[in-house]
file query.txt (compact mmCIF, C-alpha atoms)
# COMPACT_ATOMS: atom_id res chain seq x y z
CA MET Y 465 -7.75 -24.57 24.89
CA ILE Y 466 -6.73 -20.91 24.94
CA ARG Y 467 -3.34 -20.39 26.53
CA GLY Y 468 -2.06 -17.14 25.02
CA LEU Y 469 -3.37 -13.66 24.28
CA PHE Y 470 -2.01 -11.28 21.65
CA PHE Y 471 -2.85 -7.61 22.22
CA ASP Y 472 -2.72 -4.71 19.86
CA LEU Y 473 -1.81 -1.53 21.77
CA ASN Y 474 -3.04 1.82 20.46
CA GLY Y 475 -6.81 1.86 20.10
CA THR Y 476 -7.14 -1.44 21.98
CA VAL Y 477 -5.36 -1.07 25.31
CA ILE Y 478 -4.18 2.54 25.01
CA ASP Y 479 -6.56 5.39 24.26
CA ILE Y 480 -4.18 7.76 22.48
CA LEU Y 481 -4.75 10.89 20.44
CA THR Y 482 -2.01 12.41 18.29
CA ASN Y 483 -1.88 14.83 15.38
CA GLU Y 484 1.37 14.66 13.47
CA TRP Y 485 0.23 17.41 11.11
CA ASP Y 486 -0.55 20.03 13.72
CA ASP Y 487 1.43 23.25 13.14
CA GLN Y 488 2.62 23.29 16.73
CA THR Y 489 4.27 19.90 16.29
CA TYR Y 490 6.63 21.26 13.66
CA ARG Y 491 7.21 24.58 15.42
CA VAL Y 492 8.28 22.84 18.63
CA THR Y 493 10.43 20.26 16.82
CA ALA Y 494 12.12 22.86 14.60
CA ASN Y 495 12.85 25.00 17.66
CA PHE Y 496 14.37 22.01 19.41
CA LEU Y 497 16.53 21.21 16.38
CA SER Y 498 17.87 24.77 16.32
CA TYR Y 499 19.54 24.16 19.72
CA SER Y 500 21.64 21.46 18.03
CA HIS Y 501 22.65 23.63 15.04
CA VAL Y 502 20.02 22.19 12.74
CA ASP Y 503 18.45 25.12 10.92
CA ILE Y 504 15.12 24.24 9.33
CA ALA Y 505 11.86 26.19 9.31
CA PRO Y 506 8.71 24.48 10.62
CA GLU Y 507 7.09 24.50 7.16
CA GLN Y 508 10.19 22.95 5.58
CA LEU Y 509 10.37 20.37 8.37
CA ARG Y 510 6.79 19.35 7.64
CA GLU Y 511 7.57 18.92 3.94
CA GLU Y 512 10.75 16.95 4.61
CA TYR Y 513 9.07 14.67 7.14
CA ALA Y 514 6.22 13.86 4.75
CA LYS Y 515 8.56 13.36 1.79
CA LEU Y 516 10.96 11.06 3.64
CA ASN Y 517 8.09 9.09 5.13
CA ARG Y 518 6.66 8.48 1.67
CA ARG Y 519 10.08 7.65 0.24
CA GLN Y 520 10.84 5.06 2.90
CA ARG Y 521 7.59 3.24 2.26
CA HIS Y 522 7.88 3.56 -1.52
CA ASP Y 523 11.43 2.20 -1.55
CA SER Y 524 10.57 -0.72 0.71
CA GLU Y 525 10.15 -4.14 -0.85
CA GLU Y 526 7.54 -5.04 1.75
CA THR Y 527 3.85 -5.41 0.91
CA TYR Y 528 2.91 -3.59 4.11
CA PRO Y 529 5.90 -1.33 4.76
CA GLU Y 530 6.53 0.43 8.05
CA PHE Y 531 8.56 3.63 8.27
CA ASP Y 532 11.43 4.38 10.67
CA VAL Y 533 10.95 7.74 12.36
CA GLY Y 534 14.50 7.78 13.74
CA ALA Y 535 15.93 7.39 10.24
CA ILE Y 536 13.74 10.24 8.99
CA PHE Y 537 15.11 12.68 11.54
CA GLU Y 538 18.66 11.40 11.10
CA ASP Y 539 18.42 12.25 7.41
CA ILE Y 540 17.08 15.74 8.22
CA ILE Y 541 19.81 16.40 10.78
CA LEU Y 542 22.59 15.40 8.39
CA ARG Y 543 21.27 17.66 5.63
CA TYR Y 544 20.30 20.72 7.65
CA HIS Y 545 22.93 20.99 10.37
CA THR Y 546 24.79 24.32 10.23
CA ASP Y 547 27.76 23.82 12.56
CA GLY Y 548 30.15 23.51 9.62
CA ASP Y 549 31.17 19.99 10.60
CA THR Y 550 30.85 18.08 7.32
CA GLY Y 551 32.21 14.98 9.04
CA ARG Y 552 29.51 14.98 11.68
CA ASP Y 553 29.80 12.07 14.07
CA LEU Y 554 27.19 9.52 13.00
CA THR Y 555 26.88 8.06 16.48
CA SER Y 556 25.89 11.39 17.96
CA THR Y 557 23.62 12.07 14.99
CA HIS Y 558 21.78 8.82 15.56
CA ALA Y 559 21.36 9.60 19.26
CA LEU Y 560 20.12 13.12 18.51
CA ALA Y 561 17.66 11.77 15.92
CA GLU Y 562 16.10 9.51 18.54
CA ILE Y 563 15.73 12.44 20.94
CA VAL Y 564 14.21 14.62 18.22
CA ALA Y 565 11.77 11.84 17.32
CA THR Y 566 10.70 11.75 20.96
CA VAL Y 567 10.23 15.52 21.05
CA PHE Y 568 8.17 15.26 17.85
CA ARG Y 569 5.94 12.63 19.43
CA ALA Y 570 5.53 14.61 22.63
CA ALA Y 571 4.58 17.74 20.67
CA SER Y 572 2.02 15.85 18.58
CA ARG Y 573 0.41 14.02 21.50
CA PHE Y 574 -2.81 15.33 22.99
CA GLN Y 575 -3.93 12.30 25.00
CA LEU Y 576 -2.37 9.16 26.45
CA ARG Y 577 -4.39 6.99 28.81
CA LEU Y 578 -5.67 3.46 29.28
CA TYR Y 579 -9.19 2.51 28.35
CA PRO Y 580 -11.43 2.04 31.40
CA GLY Y 581 -10.83 -1.24 33.22
CA VAL Y 582 -7.61 -2.20 31.41
CA THR Y 583 -5.40 -2.60 34.48
CA ALA Y 584 -7.96 -4.58 36.45
CA ILE Y 585 -8.70 -6.89 33.52
CA LEU Y 586 -5.04 -7.50 32.68
CA ASP Y 587 -4.34 -8.26 36.34
CA LYS Y 588 -6.97 -11.01 36.22
CA LEU Y 589 -5.96 -12.41 32.84
CA ARG Y 590 -2.26 -12.74 33.51
CA THR Y 591 -2.87 -15.38 36.16
CA ASP Y 592 -4.30 -17.74 33.53
CA TYR Y 593 -2.79 -16.67 30.20
CA ARG Y 594 0.54 -15.73 28.73
CA MET Y 595 0.28 -12.32 27.10
CA ILE Y 596 2.29 -10.44 24.49
CA ALA Y 597 1.82 -7.19 22.56
CA VAL Y 598 1.83 -7.32 18.75
CA SER Y 599 1.34 -3.81 17.47
CA ASP Y 600 2.01 -1.42 14.63
CA GLY Y 601 3.98 1.67 15.58
CA GLN Y 602 7.39 3.10 16.35
CA GLU Y 603 9.39 1.34 19.05
CA LEU Y 604 10.94 4.68 20.04
CA TRP Y 605 7.48 5.78 21.12
CA ALA Y 606 5.76 2.54 22.09
CA ARG Y 607 8.08 1.41 24.87
CA PRO Y 608 8.16 4.73 26.78
CA GLU Y 609 4.40 5.10 26.41
CA MET Y 610 3.82 1.60 27.74
CA ARG Y 611 6.19 2.29 30.63
CA SER Y 612 4.47 5.56 31.56
CA LEU Y 613 1.12 3.75 31.65
CA GLY Y 614 2.44 0.85 33.72
CA LEU Y 615 1.84 -1.74 30.98
CA GLU Y 616 5.28 -3.32 30.66
CA PRO Y 617 4.86 -5.94 33.45
CA TYR Y 618 1.83 -7.45 31.76
CA PHE Y 619 3.47 -8.53 28.50
CA GLU Y 620 6.21 -11.10 28.06
CA THR Y 621 7.43 -9.42 24.92
CA LEU Y 622 6.66 -6.48 22.66
CA LEU Y 623 6.62 -6.94 18.88
CA ILE Y 624 6.51 -3.51 17.20
CA SER Y 625 6.34 -3.10 13.44
CA SER Y 626 9.10 -0.48 13.14
CA THR Y 627 11.59 -3.05 14.44
CA PHE Y 628 10.97 -5.24 11.40
CA GLY Y 629 10.14 -2.77 8.62
CA TYR Y 630 6.67 -4.22 7.99
CA ARG Y 631 3.33 -3.99 9.72
CA LYS Y 632 0.11 -5.88 10.16
CA PRO Y 633 -1.67 -7.51 8.43
CA ASP Y 634 1.65 -9.05 7.35
CA ARG Y 635 1.38 -12.62 8.57
CA ARG Y 636 4.94 -12.55 9.88
CA MET Y 637 3.88 -10.30 12.76
CA PHE Y 638 1.50 -13.00 13.93
CA GLU Y 639 3.90 -15.84 13.21
CA MET Y 640 6.52 -14.20 15.41
CA GLY Y 641 3.99 -14.03 18.21
CA LEU Y 642 3.27 -17.74 17.92
CA ARG Y 643 6.98 -18.52 18.01
CA GLU Y 644 7.51 -16.29 21.04
CA LEU Y 645 4.91 -18.25 23.00
CA ASP Y 646 5.65 -21.58 21.31
CA MET Y 647 1.95 -22.07 20.70
CA SER Y 648 -0.26 -23.01 17.79
CA ALA Y 649 -2.85 -20.70 16.24
CA SER Y 650 -5.66 -22.62 17.95
CA GLU Y 651 -4.19 -21.86 21.38
CA VAL Y 652 -4.22 -18.05 21.15
CA LEU Y 653 -6.58 -15.14 20.69
CA PHE Y 654 -5.80 -11.80 19.10
CA ILE Y 655 -7.44 -8.76 20.67
CA GLY Y 656 -7.45 -5.71 18.42
CA ASN Y 657 -9.43 -2.71 17.22
CA ASP Y 658 -8.77 -2.79 13.48
CA MET Y 659 -10.75 -5.04 11.14
CA TYR Y 660 -8.02 -5.09 8.50
CA ARG Y 661 -4.75 -5.09 10.39
CA ASP Y 662 -5.89 -7.18 13.33
CA VAL Y 663 -8.90 -9.30 12.38
CA TYR Y 664 -7.98 -10.02 8.77
CA GLY Y 665 -4.30 -10.32 9.64
CA ALA Y 666 -4.84 -12.89 12.38
CA ALA Y 667 -7.42 -14.82 10.34
CA GLN Y 668 -4.75 -15.58 7.71
CA LEU Y 669 -3.17 -17.94 10.24
CA GLY Y 670 -6.40 -19.26 11.70
CA ILE Y 671 -6.03 -17.20 14.88
CA ARG Y 672 -9.36 -16.37 16.48
CA THR Y 673 -10.03 -12.71 17.21
CA VAL Y 674 -11.82 -10.46 19.65
CA PHE Y 675 -12.61 -7.16 17.98
CA PHE Y 676 -12.74 -4.18 20.33
CA LYS Y 677 -14.99 -1.62 18.64
CA SER Y 678 -13.25 1.35 20.19
CA ASN Y 679 -12.97 4.99 19.13
CA GLN Y 680 -10.12 4.15 16.73
CA GLY Y 681 -9.29 1.81 13.88
CA ASP Y 682 -10.83 0.50 10.67
CA GLN Y 683 -14.24 -0.93 11.52
CA MET Y 684 -15.22 -2.10 8.03
CA PRO Y 685 -15.00 -5.84 7.14
CA HIS Y 686 -12.01 -6.91 5.04
CA GLY Y 687 -12.58 -10.53 4.14
CA ALA Y 688 -12.68 -11.84 7.70
CA GLU Y 689 -15.15 -11.58 10.55
CA PRO Y 690 -14.14 -11.39 14.22
CA ASP Y 691 -15.08 -14.29 16.45
CA TYR Y 692 -16.41 -11.93 19.11
CA ILE Y 693 -17.06 -8.19 19.34
CA ILE Y 694 -16.73 -6.14 22.52
CA TYR Y 695 -17.67 -2.50 23.01
CA ASN Y 696 -15.64 -1.85 26.13
CA PHE Y 697 -12.47 -3.47 27.41
CA GLU Y 698 -14.16 -4.83 30.53
CA GLU Y 699 -16.14 -7.27 28.35
CA LEU Y 700 -12.96 -9.13 27.38
CA PRO Y 701 -13.08 -11.92 30.01
CA LYS Y 702 -16.63 -12.75 28.91
CA ALA Y 703 -15.45 -12.97 25.29
CA ILE Y 704 -12.61 -15.29 26.24
CA ARG Y 705 -14.90 -17.58 28.25
CA PHE Y 706 -17.34 -17.75 25.34
CA LEU Y 707 -14.62 -18.69 22.85
CA GLU Y 708 -13.11 -21.26 25.22
CA HIS Y 709 -16.52 -22.88 25.68
CA ARG Y 710 -17.09 -22.89 21.94
CA GLY Y 711 -13.73 -24.50 21.44

call {"tool": "encode", "arguments": {"input": "query.txt", "output": "structure tokens"}}
result
Amino acid sequence: MIRGLFFDLNGTVIDILTNEWDDQTYRVTANFLSYSHVDIAPEQLREEYAKLNRRQRHDSEETYPEFDVGAIFEDIILRYHTDGDTGRDLTSTHALAEIVATVFRAASRFQLRLYPGVTAILDKLRTDYRMIAVSDGQELWARPEMRSLGLEPYFETLLISSTFGYRKPDRRMFEMGLRELDMSASEVLFIGNDMYRDVYGAAQLGIRTVFFKSNQGDQMPHGAEPDYIIYNFEELPKAIRFLEHRG
């Protein structure tokens, strides 16, 4: 019996388009930093962001490391501020880093919308299933984006990889979801758009999967096949009924 549904977010529920390497992203972010006495050119900001991102993941002991965007900008602020205050207040630095990370995301974002039918389908599903989000990404960005799209009421909890320092297909992401719902692997489905992170990741625990072949994500097999494939979100109830009937 299926009692719980795990949802990936971006590429599954949310149709999002960003470009973190667009020149305008770094121009806008560098300009914003200058208002807080952080003097760094857009080209230098791009280099620092890429370098610190790589360093975080390289220094991590995790097999599938996730970066922390707030920590990246905190590092940049501390090294490039020009107000002469060598004892800069770390609390205010941390708060500013989170704001800068949000500006960076806003500047890099070109599209944020739900896939067709998402709200109507989730409204129907939540009467019969408990639902949570298990997704890779930055919590600083994920929660506001979910809120702006009206998604928060649908999910009991949100498990985002940046909170833990590792990402899917790390089995711990899926294990946390099972603990949150207090359910076994046979009682849940994972709905995602990535054959490696979602389908392979869930299969490690025996969780059945619905693969949404959307406009995003890795669509090549990685040692596990989905239990059902949908090509638009509105097919999801049919997939769930089929898998329930199959047992």

call {"tool": "residues_around", "arguments": {"input": "query.txt", "residues": "range 615-625 of chain Y", "least_positions_apart": "6", "cutoff": "10 Å", "atoms": "only C-alpha atoms", "output": "MDAnalysis selection string"}}
result
chainID Y and resid 469:473 477:478 528:532 578 582:583 586:587 589:590 594:604 606:609 631:632 634 637:638 640:641 644:645

call {"tool": "closest_residue", "arguments": {"input": "query.txt", "among": "Y:Ala688, Y:Pro506, Y:Glu651, Y:Tyr513", "to": "Ala667 in chain Y", "atoms": "all atoms listed in the file"}}
result
Y:Ala688

call {"tool": "axis_aligned_box", "arguments": {"input": "query.txt", "around": "range 585-602 of chain Y", "padding_each_side": "8 Å", "output": "lines of an AutoDock Vina configuration file"}}
result
center_x = -0.7
center_y = -7.3
center_z = 25.5
size_x = 32.1
size_y = 36.8
size_z = 37.7

call {"tool": "closest_residue", "arguments": {"input": "query.txt", "among": "Y:Val492, Y:Val674, Y:Ala584, Y:Ile540", "to": "Thr566 in chain Y", "atoms": "all atoms listed in the file"}}
result
Y:Val492

call {"tool": "atom_distance", "arguments": {"input": "query.txt", "atom1": "CA of Gln575 in chain Y", "atom2": "CA of Asp487 in chain Y"}}
result
17.0 Å

call {"tool": "closest_residue", "arguments": {"input": "query.txt", "among": "Y:Arg577, Y:Thr557, Y:Pro701, Y:Ser498", "to": "Arg611 in chain Y", "atoms": "all atoms listed in the file"}}
result
Y:Arg577

call {"tool": "atom_distance", "arguments": {"input": "query.txt", "atom1": "CA of Ile541 in chain Y", "atom2": "CA of Leu516 in chain Y"}}
result
12.6 Å

call {"tool": "closest_residue", "arguments": {"input": "query.txt", "among": "Y:Tyr630, Y:Tyr695, Y:Ala559, Y:Ile671", "to": "Leu642 in chain Y", "atoms": "only C-alpha atoms"}}
result
Y:Ile671

call {"tool": "closest_residue", "arguments": {"input": "query.txt", "among": "Y:Ile694, Y:Ala561, Y:Thr591, Y:Asp539", "to": "Arg519 in chain Y", "atoms": "all atoms listed in the file"}}
result
Y:Asp539

call {"tool": "atom_distance", "arguments": {"input": "query.txt", "atom1": "CA of Glu699 in chain Y", "atom2": "CA of Gly670 in chain Y"}}
result
22.7 Å

call {"tool": "residues_near_point", "arguments": {"input": "query.txt", "point": "(-14.4, -6.9, 11.4)", "cutoff": "8 Å", "atoms": "only C-alpha atoms", "output": "tab-separated table (two decimals) with C-alpha atoms, keeping the file's coordinate frame"}}
result
chain	number	residue	atom	x	y	z
Y	658	ASP	CA	-8.77	-2.79	13.48
Y	659	MET	CA	-10.75	-5.04	11.14
Y	660	TYR	CA	-8.02	-5.09	8.50
Y	663	VAL	CA	-8.90	-9.30	12.38
Y	664	TYR	CA	-7.98	-10.02	8.77
Y	675	PHE	CA	-12.61	-7.16	17.98
Y	683	GLN	CA	-14.24	-0.93	11.52
Y	684	MET	CA	-15.22	-2.10	8.03
Y	685	PRO	CA	-15.00	-5.84	7.14
Y	686	HIS	CA	-12.01	-6.91	5.04
Y	688	ALA	CA	-12.68	-11.84	7.70
Y	689	GLU	CA	-15.15	-11.58	10.55
Y	690	PRO	CA	-14.14	-11.39	14.22
